[in-house]
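Printed here is model_31.pdb (PDB, C-alpha atoms, pLDDT in the B column):
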ATOM      1  CA  MET A  11      18.261 -10.900   7.210  1.00 41.00           C
ATOM      2  CA  LYS A  12      21.387  -8.758   7.626  1.00 43.00           C
ATOM      3  CA  ALA A  13      21.479  -6.167  10.364  1.00 45.00           C
ATOM      4  CA  VAL A  14      20.634  -2.747   8.945  1.00 47.00           C
ATOM      5  CA  PRO A  15      22.795   0.206  10.065  1.00 51.00           C
ATOM      6  CA  HIS A  16      20.616   2.827  11.715  1.00 54.00           C
ATOM      7  CA  ASP A  17      22.022   5.518   9.410  1.00 67.00           C
ATOM      8  CA  ASP A  18      21.244   3.591   6.206  1.00 79.00           C
ATOM      9  CA  ARG A  19      18.043   5.284   5.109  1.00 86.00           C
ATOM     10  CA  THR A  20      17.836   3.266   1.910  1.00 89.00           C
ATOM     11  CA  GLN A  21      16.702   0.352   4.101  1.00 94.00           C
ATOM     12  CA  LEU A  22      13.658  -0.100   6.318  1.00 94.00           C
ATOM     13  CA  PRO A  23      14.048   0.254  10.094  1.00 95.00           C
ATOM     14  CA  PRO A  24      15.104  -3.072  11.684  1.00 94.00           C
ATOM     15  CA  GLU A  25      11.925  -3.324  13.788  1.00 93.00           C
ATOM     16  CA  LEU A  26      10.000  -4.114  10.593  1.00 95.00           C
ATOM     17  CA  ASP A  27      11.878  -7.429  10.436  1.00 95.00           C
ATOM     18  CA  LEU A  28       9.787  -8.971  13.210  1.00 94.00           C
ATOM     19  CA  ASP A  29      11.689 -11.048  15.769  1.00 94.00           C
ATOM     20  CA  LEU A  30       8.929 -13.358  16.967  1.00 93.00           C
ATOM     21  CA  VAL A  31      10.961 -14.684  19.912  1.00 92.00           C
ATOM     22  CA  ALA A  32      11.620 -11.174  21.200  1.00 92.00           C
ATOM     23  CA  LEU A  33       7.949 -10.264  20.763  1.00 90.00           C
ATOM     24  CA  ALA A  34       6.861 -13.310  22.772  1.00 89.00           C
ATOM     25  CA  ARG A  35       9.254 -12.423  25.577  1.00 89.00           C
ATOM     26  CA  SER A  36       7.842  -8.907  25.775  1.00 87.00           C
ATOM     27  CA  GLY A  37       4.398 -10.133  26.824  1.00 84.00           C
ATOM     28  CA  PRO A  38       1.156 -11.585  25.493  1.00 81.00           C
ATOM     29  CA  GLY A  39       0.544  -8.769  22.992  1.00 80.00           C
ATOM     30  CA  PRO A  40      -0.874  -7.359  20.812  1.00 91.00           C
ATOM     31  CA  TYR A  41       2.404  -5.736  19.813  1.00 93.00           C
ATOM     32  CA  HIS A  42       2.574  -2.262  18.305  1.00 94.00           C
ATOM     33  CA  ILE A  43       5.089  -0.755  15.899  1.00 95.00           C
ATOM     34  CA  VAL A  44       5.113   2.874  14.776  1.00 96.00           C
ATOM     35  CA  THR A  45       8.067   3.930  12.655  1.00 96.00           C
ATOM     36  CA  ALA A  46       9.133   5.916   9.615  1.00 96.00           C
ATOM     37  CA  LEU A  47       9.332   4.791   6.018  1.00 96.00           C
ATOM     38  CA  PRO A  48      12.521   6.622   4.956  1.00 96.00           C
ATOM     39  CA  ALA A  49      12.221   8.777   1.830  1.00 97.00           C
ATOM     40  CA  PRO A  50      15.388   7.216   0.299  1.00 96.00           C
ATOM     41  CA  TRP A  51      13.838   3.753   0.737  1.00 97.00           C
ATOM     42  CA  ILE A  52      10.583   4.863  -0.961  1.00 97.00           C
ATOM     43  CA  ALA A  53      12.642   6.420  -3.763  1.00 96.00           C
ATOM     44  CA  ALA A  54      14.565   3.156  -4.206  1.00 96.00           C
ATOM     45  CA  VAL A  55      11.294   1.198  -4.484  1.00 96.00           C
ATOM     46  CA  LEU A  56      10.088   3.615  -7.194  1.00 96.00           C
ATOM     47  CA  ALA A  57      13.490   3.947  -8.900  1.00 96.00           C
ATOM     48  CA  HIS A  58      12.096   2.445 -12.125  1.00 95.00           C
ATOM     49  CA  THR A  59       9.522   5.261 -12.367  1.00 95.00           C
ATOM     50  CA  ASP A  60       9.625   9.063 -12.664  1.00 95.00           C
ATOM     51  CA  ALA A  61       8.380   9.572  -9.099  1.00 96.00           C
ATOM     52  CA  GLU A  62      10.039  12.233  -6.940  1.00 96.00           C
ATOM     53  CA  VAL A  63      10.095  11.513  -3.203  1.00 96.00           C
ATOM     54  CA  THR A  64      10.823  14.425  -0.869  1.00 95.00           C
ATOM     55  CA  GLN A  65       9.577  13.311   2.541  1.00 95.00           C
ATOM     56  CA  ASP A  66       9.451  10.290   4.819  1.00 97.00           C
ATOM     57  CA  GLY A  67       6.384   8.120   5.135  1.00 96.00           C
ATOM     58  CA  ARG A  68       5.046   6.426   8.243  1.00 96.00           C
ATOM     59  CA  VAL A  69       3.700   3.022   9.207  1.00 97.00           C
ATOM     60  CA  ALA A  70       1.691   2.042  12.295  1.00 97.00           C
ATOM     61  CA  LEU A  71       1.043  -1.658  12.875  1.00 96.00           C
ATOM     62  CA  GLU A  72      -0.543  -3.981  15.409  1.00 96.00           C
ATOM     63  CA  ILE A  73       0.717  -7.582  15.471  1.00 94.00           C
ATOM     64  CA  THR A  74      -1.394 -10.244  17.172  1.00 93.00           C
ATOM     65  CA  ALA A  75      -0.238 -13.823  17.761  1.00 92.00           C
ATOM     66  CA  ILE A  76      -2.865 -16.498  17.086  1.00 89.00           C
ATOM     67  CA  GLY A  77      -2.782 -20.082  18.368  1.00 82.00           C
ATOM     68  CA  ASP A  78       0.518 -19.980  20.298  1.00 80.00           C
ATOM     69  CA  GLY A  79       2.365 -18.455  17.359  1.00 82.00           C
ATOM     70  CA  ALA A  80       0.949 -20.684  14.630  1.00 87.00           C
ATOM     71  CA  SER A  81      -0.003 -17.500  12.786  1.00 92.00           C
ATOM     72  CA  TYR A  82       0.127 -13.727  13.181  1.00 94.00           C
ATOM     73  CA  LEU A  83      -2.380 -11.066  12.192  1.00 94.00           C
ATOM     74  CA  VAL A  84      -0.768  -7.797  11.050  1.00 95.00           C
ATOM     75  CA  ARG A  85      -3.097  -4.799  10.935  1.00 95.00           C
ATOM     76  CA  GLY A  86      -2.433  -1.108  10.476  1.00 95.00           C
ATOM     77  CA  ALA A  87      -1.876   1.639   7.937  1.00 96.00           C
ATOM     78  CA  THR A  88       0.833   3.325   5.921  1.00 96.00           C
ATOM     79  CA  GLU A  89       1.205   7.021   5.137  1.00 96.00           C
ATOM     80  CA  ALA A  90       3.371   8.111   2.223  1.00 96.00           C
ATOM     81  CA  SER A  91       3.298  10.551  -0.673  1.00 96.00           C
ATOM     82  CA  TYR A  92       5.383  11.523  -3.678  1.00 97.00           C
ATOM     83  CA  GLY A  93       5.106  13.484  -6.908  1.00 97.00           C
ATOM     84  CA  VAL A  94       4.915  12.466 -10.557  1.00 97.00           C
ATOM     85  CA  PRO A  95       4.716  14.589 -13.722  1.00 97.00           C
ATOM     86  CA  CYS A  96       1.220  15.779 -14.633  1.00 96.00           C
ATOM     87  CA  ALA A  97      -0.138  13.835 -17.596  1.00 94.00           C
ATOM     88  CA  ARG A  98      -0.945  17.110 -19.377  1.00 94.00           C
ATOM     89  CA  CYS A  99       1.492  19.865 -18.381  1.00 95.00           C
ATOM     90  CA  LEU A 100       4.317  17.895 -16.687  1.00 95.00           C
ATOM     91  CA  ALA A 101       4.067  19.980 -13.497  1.00 95.00           C
ATOM     92  CA  PRO A 102       4.328  17.975 -10.249  1.00 95.00           C
ATOM     93  CA  ALA A 103       1.202  15.957  -9.461  1.00 96.00           C
ATOM     94  CA  PRO A 104       0.816  14.686  -5.871  1.00 95.00           C
ATOM     95  CA  VAL A 105       0.210  10.981  -5.251  1.00 96.00           C
ATOM     96  CA  ASP A 106      -1.112   9.546  -1.990  1.00 95.00           C
ATOM     97  CA  ALA A 107       0.627   6.206  -1.410  1.00 94.00           C
ATOM     98  CA  GLY A 108      -0.938   5.478   1.978  1.00 92.00           C
ATOM     99  CA  GLY A 109      -3.457   2.781   2.754  1.00 92.00           C
ATOM    100  CA  GLU A 110      -4.703   0.185   5.216  1.00 93.00           C
ATOM    101  CA  LEU A 111      -3.108  -3.204   5.823  1.00 92.00           C
ATOM    102  CA  CYS A 112      -4.596  -6.416   7.135  1.00 94.00           C
ATOM    103  CA  VAL A 113      -2.576  -9.549   6.407  1.00 94.00           C
ATOM    104  CA  HIS A 114      -2.640 -12.984   8.028  1.00 95.00           C
ATOM    105  CA  PHE A 115       0.812 -14.613   8.215  1.00 94.00           C
ATOM    106  CA  VAL A 116       0.553 -18.404   8.547  1.00 93.00           C
ATOM    107  CA  ARG A 117       3.472 -20.650   9.487  1.00 89.00           C
ATOM    108  CA  ASP A 118       4.669 -22.693   6.505  1.00 83.00           C
ATOM    109  CA  ARG A 119       3.756 -26.370   6.993  1.00 65.00           C
ATOM    110  CA  VAL A 120       5.450 -27.779   3.871  1.00 52.00           C
ATOM    111  CA  GLY A 121       6.365 -31.393   4.542  1.00 46.00           C
ATOM    112  CA  GLY A 122       4.161 -31.642   7.619  1.00 46.00           C
ATOM    113  CA  GLU A 123       1.552 -34.359   8.095  1.00 49.00           C
ATOM    114  CA  ASP A 124      -1.388 -31.959   7.655  1.00 49.00           C
ATOM    115  CA  TRP A 125       0.140 -30.015   4.766  1.00 43.00           C
ATOM    116  CA  ASP A 126      -2.000 -29.792   1.663  1.00 52.00           C
ATOM    117  CA  GLU A 127      -0.937 -28.702  -1.820  1.00 49.00           C
ATOM    118  CA  ASP A 128      -3.359 -25.778  -1.636  1.00 54.00           C
ATOM    119  CA  ASP A 129      -1.286 -24.364   1.242  1.00 48.00           C
ATOM    120  CA  ALA A 130       1.478 -23.495  -1.220  1.00 45.00           C
ATOM    121  CA  SER A 131      -0.550 -20.679  -2.785  1.00 49.00           C
ATOM    122  CA  GLU A 132      -0.848 -17.260  -1.149  1.00 50.00           C
ATOM    123  CA  SER A 133      -3.592 -14.669  -1.400  1.00 57.00           C
ATOM    124  CA  PRO A 134      -3.249 -10.875  -1.031  1.00 59.00           C
ATOM    125  CA  ASP A 135      -4.448 -11.085   2.569  1.00 87.00           C
ATOM    126  CA  GLU A 136      -2.676 -14.299   3.591  1.00 90.00           C
ATOM    127  CA  ARG A 137       1.035 -15.107   3.418  1.00 92.00           C
ATOM    128  CA  THR A 138       3.311 -17.785   4.790  1.00 92.00           C
ATOM    129  CA  PHE A 139       6.439 -17.535   6.928  1.00 92.00           C
ATOM    130  CA  SER A 140       8.926 -19.934   8.470  1.00 91.00           C
ATOM    131  CA  GLY A 141      11.383 -19.763  11.329  1.00 91.00           C
ATOM    132  CA  THR A 142      11.311 -17.118  14.031  1.00 92.00           C
ATOM    133  CA  ARG A 143      11.099 -13.937  11.929  1.00 94.00           C
ATOM    134  CA  ILE A 144       8.588 -12.220   9.656  1.00 95.00           C
ATOM    135  CA  ASP A 145      10.112  -9.706   7.245  1.00 95.00           C
ATOM    136  CA  LEU A 146       7.505  -7.031   6.485  1.00 95.00           C
ATOM    137  CA  GLY A 147       9.722  -5.467   3.805  1.00 95.00           C
ATOM    138  CA  PRO A 148       8.159  -7.274   0.819  1.00 94.00           C
ATOM    139  CA  LEU A 149       4.654  -6.381   1.995  1.00 93.00           C
ATOM    140  CA  LEU A 150       5.474  -2.676   2.382  1.00 95.00           C
ATOM    141  CA  THR A 151       7.379  -2.628  -0.914  1.00 95.00           C
ATOM    142  CA  GLU A 152       4.292  -3.984  -2.644  1.00 93.00           C
ATOM    143  CA  GLN A 153       2.097  -1.315  -1.034  1.00 93.00           C
ATOM    144  CA  ILE A 154       4.313   1.479  -2.362  1.00 95.00           C
ATOM    145  CA  THR A 155       4.739  -0.095  -5.811  1.00 95.00           C
ATOM    146  CA  VAL A 156       1.020  -0.557  -6.506  1.00 94.00           C
ATOM    147  CA  SER A 157       0.320   3.052  -5.496  1.00 94.00           C
ATOM    148  CA  TYR A 158       2.023   4.373  -8.638  1.00 95.00           C
ATOM    149  CA  PRO A 159      -0.752   5.817 -10.844  1.00 94.00           C
ATOM    150  CA  MET A 160      -1.288   5.154 -14.530  1.00 92.00           C
ATOM    151  CA  ARG A 161      -2.262   8.827 -14.902  1.00 92.00           C
ATOM    152  CA  ALA A 162      -2.102  11.801 -12.537  1.00 95.00           C
ATOM    153  CA  LEU A 163      -3.002  15.477 -12.882  1.00 95.00           C
ATOM    154  CA  CYS A 164      -1.456  18.526 -11.235  1.00 95.00           C
ATOM    155  CA  ALA A 165      -3.242  20.674  -8.662  1.00 94.00           C
ATOM    156  CA  ARG A 166      -5.443  22.178 -11.443  1.00 93.00           C
ATOM    157  CA  GLY A 167      -7.079  18.796 -11.956  1.00 93.00           C
ATOM    158  CA  GLU A 168      -9.351  18.550 -14.991  1.00 91.00           C
ATOM    159  CA  ASP A 169      -8.903  22.299 -15.582  1.00 92.00           C
ATOM    160  CA  CYS A 170      -5.295  21.746 -16.627  1.00 93.00           C
ATOM    161  CA  ARG A 171      -4.918  22.790 -20.301  1.00 92.00           C
ATOM    162  CA  GLY A 172      -1.580  21.063 -20.780  1.00 93.00           C
ATOM    163  CA  LEU A 173       1.144  22.010 -23.262  1.00 94.00           C
ATOM    164  CA  CYS A 174       0.769  23.389 -26.770  1.00 94.00           C
ATOM    165  CA  MET A 175       0.849  20.557 -29.298  1.00 91.00           C
ATOM    166  CA  ARG A 176       2.907  22.706 -31.697  1.00 91.00           C
ATOM    167  CA  CYS A 177       5.536  24.503 -29.599  1.00 93.00           C
ATOM    168  CA  GLY A 178       5.247  22.972 -26.114  1.00 93.00           C
ATOM    169  CA  ALA A 179       4.332  26.219 -24.331  1.00 94.00           C
ATOM    170  CA  ASP A 180       2.428  25.908 -21.054  1.00 94.00           C
ATOM    171  CA  LEU A 181      -1.176  26.827 -21.923  1.00 94.00           C
ATOM    172  CA  ASN A 182      -2.038  27.250 -18.240  1.00 93.00           C
ATOM    173  CA  ALA A 183       0.122  30.394 -18.206  1.00 93.00           C
ATOM    174  CA  GLN A 184      -1.892  31.929 -21.054  1.00 92.00           C
ATOM    175  CA  PRO A 185      -5.258  33.676 -20.595  1.00 88.00           C
ATOM    176  CA  GLY A 186      -8.409  32.364 -22.215  1.00 79.00           C
ATOM    177  CA  ASP A 187      -8.975  29.346 -24.428  1.00 80.00           C
ATOM    178  CA  GLY A 188      -7.867  30.892 -27.709  1.00 84.00           C
ATOM    179  CA  PRO A 189      -4.840  30.163 -29.895  1.00 90.00           C
ATOM    180  CA  CYS A 190      -1.406  29.636 -28.376  1.00 92.00           C
ATOM    181  CA  GLN A 191       0.110  33.065 -27.740  1.00 91.00           C
ATOM    182  CA  VAL A 192       3.607  31.747 -28.439  1.00 92.00           C
ATOM    183  CA  CYS A 193       3.224  30.073 -31.835  1.00 91.00           C
ATOM    184  CA  GLY A 194      -0.309  31.139 -32.794  1.00 90.00           C
ATOM    185  CA  ALA A 195      -1.588  27.578 -33.255  1.00 88.00           C
ATOM    186  CA  ALA A 196      -5.385  27.499 -33.168  1.00 86.00           C
ATOM    187  CA  ASP A 197      -5.471  23.822 -32.189  1.00 84.00           C
ATOM    188  CA  ALA A 198      -2.863  24.161 -29.477  1.00 80.00           C
ATOM    189  CA  GLN A 199      -4.604  22.126 -26.764  1.00 85.00           C
ATOM    190  CA  VAL A 200      -4.573  18.347 -26.849  1.00 80.00           C
ATOM    191  CA  PRO A 201      -8.184  17.156 -27.300  1.00 78.00           C
ATOM    192  CA  ILE A 202      -9.652  15.690 -24.126  1.00 69.00           C
ATOM    193  CA  ALA A 203     -11.917  12.712 -24.630  1.00 60.00           C
ATOM    194  CA  ALA A 204     -15.379  13.118 -23.157  1.00 54.00           C
ATOM    195  CA  ASP A 205     -16.496  10.699 -20.542  1.00 45.00           C
ATOM    196  CA  VAL A 206     -18.161   7.771 -22.240  1.00 46.00           C
ATOM    197  CA  PRO A 207     -21.200   6.445 -20.355  1.00 55.00           C
ATOM    198  CA  HIS A 208     -21.067   2.749 -19.675  1.00 56.00           C
ATOM    199  CA  GLU A 209     -23.360   0.112 -18.350  1.00 63.00           C
ATOM    200  CA  PRO A 210     -22.872  -0.672 -14.656  1.00 66.00           C
ATOM    201  CA  GLU A 211     -21.109  -3.957 -14.105  1.00 65.00           C
ATOM    202  CA  PRO A 212     -23.184  -6.733 -12.562  1.00 66.00           C
ATOM    203  CA  GLU A 213     -22.488  -7.376  -8.908  1.00 68.00           C
ATOM    204  CA  ALA A 214     -19.935 -10.116  -8.441  1.00 61.00           C
ATOM    205  CA  PRO A 215     -21.042 -13.242  -6.588  1.00 63.00           C
ATOM    206  CA  ASP A 216     -20.083 -13.591  -2.942  1.00 63.00           C
ATOM    207  CA  GLU A 217     -16.533 -14.810  -2.501  1.00 62.00           C
ATOM    208  CA  ALA A 218     -14.991 -16.975   0.149  1.00 62.00           C
ATOM    209  CA  THR A 219     -14.330 -15.335   3.507  1.00 65.00           C
ATOM    210  CA  PRO A 220     -10.972 -13.468   3.338  1.00 65.00           C
ATOM    211  CA  ALA A 221      -8.184 -14.894   5.480  1.00 66.00           C
ATOM    212  CA  TRP A 222      -7.945 -11.797   7.673  1.00 66.00           C
ATOM    213  CA  LYS A 223     -11.659 -12.076   8.538  1.00 69.00           C
ATOM    214  CA  ALA A 224     -11.241 -15.733   9.427  1.00 72.00           C
ATOM    215  CA  ALA A 225      -8.305 -14.799  11.649  1.00 72.00           C
ATOM    216  CA  LEU A 226     -10.372 -12.126  13.412  1.00 73.00           C
ATOM    217  CA  ARG A 227     -13.150 -14.658  14.021  1.00 74.00           C
ATOM    218  CA  GLN A 228     -10.639 -17.073  15.508  1.00 72.00           C
ATOM    219  CA  LEU A 229      -9.341 -14.322  17.789  1.00 73.00           C
ATOM    220  CA  ALA A 230     -12.870 -13.650  19.015  1.00 72.00           C
ATOM    221  CA  ALA A 231     -13.532 -17.363  19.543  1.00 73.00           C
ATOM    222  CA  ASP A 232     -10.250 -18.009  21.398  1.00 69.00           C
ATOM    223  CA  GLY A 233     -10.816 -15.141  23.793  1.00 64.00           C
ATOM    224  CA  PRO A 234      -8.172 -13.209  25.774  1.00 58.00           C
ATOM    225  CA  GLU A 235      -5.737 -16.141  25.927  1.00 52.00           C
ATOM    226  CA  THR A 236      -4.535 -15.314  22.397  1.00 46.00           C
ATOM    227  CA  GLY A 237      -3.480 -11.833  23.462  1.00 46.00           C
ATOM    228  CA  SER A 238      -6.167  -9.979  21.546  1.00 44.00           C
ATOM    229  CA  SER A 239      -7.294  -6.664  23.008  1.00 45.00           C
ATOM    230  CA  LYS A 240     -10.988  -6.067  23.446  1.00 44.00           C
ATOM    231  CA  GLY A 241     -10.777  -2.582  22.000  1.00 46.00           C
ATOM    232  CA  GLY A 242      -8.306  -3.281  19.205  1.00 46.00           C
ATOM    233  CA  PRO A 243      -8.749  -1.861  15.744  1.00 48.00           C
ATOM    234  CA  LYS A 244     -11.127  -3.486  13.393  1.00 48.00           C
ATOM    235  CA  GLY A 245     -10.293  -4.829   9.942  1.00 48.00           C
ATOM    236  CA  PRO A 246     -10.314  -2.366   7.032  1.00 47.00           C
ATOM    237  CA  SER A 247     -13.662  -0.917   6.134  1.00 47.00           C
ATOM    238  CA  LYS A 248     -13.158  -2.037   2.535  1.00 46.00           C
ATOM    239  CA  GLY A 249     -13.436  -5.643   3.640  1.00 44.00           C
ATOM    240  CA  LYS A 250     -17.061  -5.535   4.845  1.00 46.00           C
ATOM    241  CA  SER A 251     -18.873  -8.689   3.909  1.00 44.00           C
ATOM    242  CA  ARG A 252     -21.664  -8.420   1.384  1.00 43.00           C
ATOM    243  CA  ARG A 253     -25.175  -9.116   2.505  1.00 41.00           C
TER     244      ARG A 253
END

Output the file's structure as structure tokens, nothing else.
Amino acid sequence: MKAVPHDDRTQLPPELDLDLVALARSGPGPYHIVTALPAPWIAAVLAHTDAEVTQDGRVALEITAIGDGASYLVRGATEASYGVPCARCLAPAPVDAGGELCVHFVRDRVGGEDWDEDDASESPDERTFSGTRIDLGPLLTEQITVSYPMRALCARGEDCRGLCMRCGADLNAQPGDGPCQVCGAADAQVPIAADVPHEPEPEAPDEATPAWKAALRQLAADGPETGSSKGGPKGPSKGKSRR
């Protein structure tokens, strides 16, 4: 990966392109990274949308080496926000793009004696890497991209009346629920569909243990030699196993 100038805010900070050799030289770990997600970089990721980014985000990560560098567990969280047009009145609607991360990076063994064809596929919580670097850029780009909402409302929420269907006037600026005071249309407000009750979906069968959980179990089994800290953060609460 090319060196990123420190003043190029359309790129991620260079410390998010992990130099595994430098990390190993710094001690047994875990290793911690806290840095900004530049607003111009977030805007570039969302350039194909109508999102408006006005402030930097933030990422805090813990990187733990497992099995003498055979794999690395990356845990932490991102904080980011931006605005999109309200689905009803087009006023700015805030979007929270932050979230938790827990990904197991496994060294690519393609061509090795113990390589299996199944190793070629990746899951959301397990990815492969090769060489002496792990570029976290694609992972963070994905986190920002999937945060874009299909529909968002302004600060009024469900009380937003939207724009007049006839003349486009902002109905939120008009008192009461009567006709549009600009064009006089009686059916000025776009009809809002009522919530349709639905049957609860049956509980999905138990799935295989996620890769990040397996990595945590290996850390606990290997003990302090792997560099894990006894009081380190736990995996994301969303990943609790079903009983």

Exercise. Contacts of region 151-158 of chain A at 7 Å or less, counting only C-alpha atoms, minus same-chain residues fewer than 5 places along, as a list in words?
Worked result: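 After dropping sequence-adjacent residues, the list is Val55, Leu56 and Ala107 of chain A.
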
Residues picked by the PyMOL selection byres ((chain A and resi 25-31) around 8) here, as a PDB file with C-alpha atoms, in the coordinates of the input?
ATOM      1  CA  MET A  11      18.261 -10.900   7.210  1.00 41.00           C
ATOM      2  CA  LEU A  22      13.658  -0.100   6.318  1.00 94.00           C
ATOM      3  CA  PRO A  23      14.048   0.254  10.094  1.00 95.00           C
ATOM      4  CA  PRO A  24      15.104  -3.072  11.684  1.00 94.00           C
ATOM      5  CA  ALA A  32      11.620 -11.174  21.200  1.00 92.00           C
ATOM      6  CA  LEU A  33       7.949 -10.264  20.763  1.00 90.00           C
ATOM      7  CA  ALA A  34       6.861 -13.310  22.772  1.00 89.00           C
ATOM      8  CA  ARG A  35       9.254 -12.423  25.577  1.00 89.00           C
ATOM      9  CA  ILE A  43       5.089  -0.755  15.899  1.00 95.00           C
ATOM     10  CA  THR A 142      11.311 -17.118  14.031  1.00 92.00           C
ATOM     11  CA  ARG A 143      11.099 -13.937  11.929  1.00 94.00           C
ATOM     12  CA  ILE A 144       8.588 -12.220   9.656  1.00 95.00           C
ATOM     13  CA  ASP A 145      10.112  -9.706   7.245  1.00 95.00           C
ATOM     14  CA  LEU A 146       7.505  -7.031   6.485  1.00 95.00           C
ATOM     15  CA  GLY A 147       9.722  -5.467   3.805  1.00 95.00           C
TER      16      GLY A 147
END

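Using only C-alpha atoms, the nearest neighbour of Cys99 (chain A) within the list A:Asp197, A:Glu136, A:Glu72, A:Asp169 is A:Asp169.
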
Exercise. Written as a PyMOL selection string, what is the full residue list that the PyMOL selection byres ((chain A and resi 176) around 10) yields on the file shown?
Worked result: chain A and resi 173-175+177-179+190+192-200

For this session: Give me, please, the distance in Å between CA of Pro95 (chain A) and CA of Ala183 (chain A), quoted to one decimal.
Result: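 We find that CA of Pro95 (chain A) and CA of Ala183 (chain A) lie 17.1 Å from each other.
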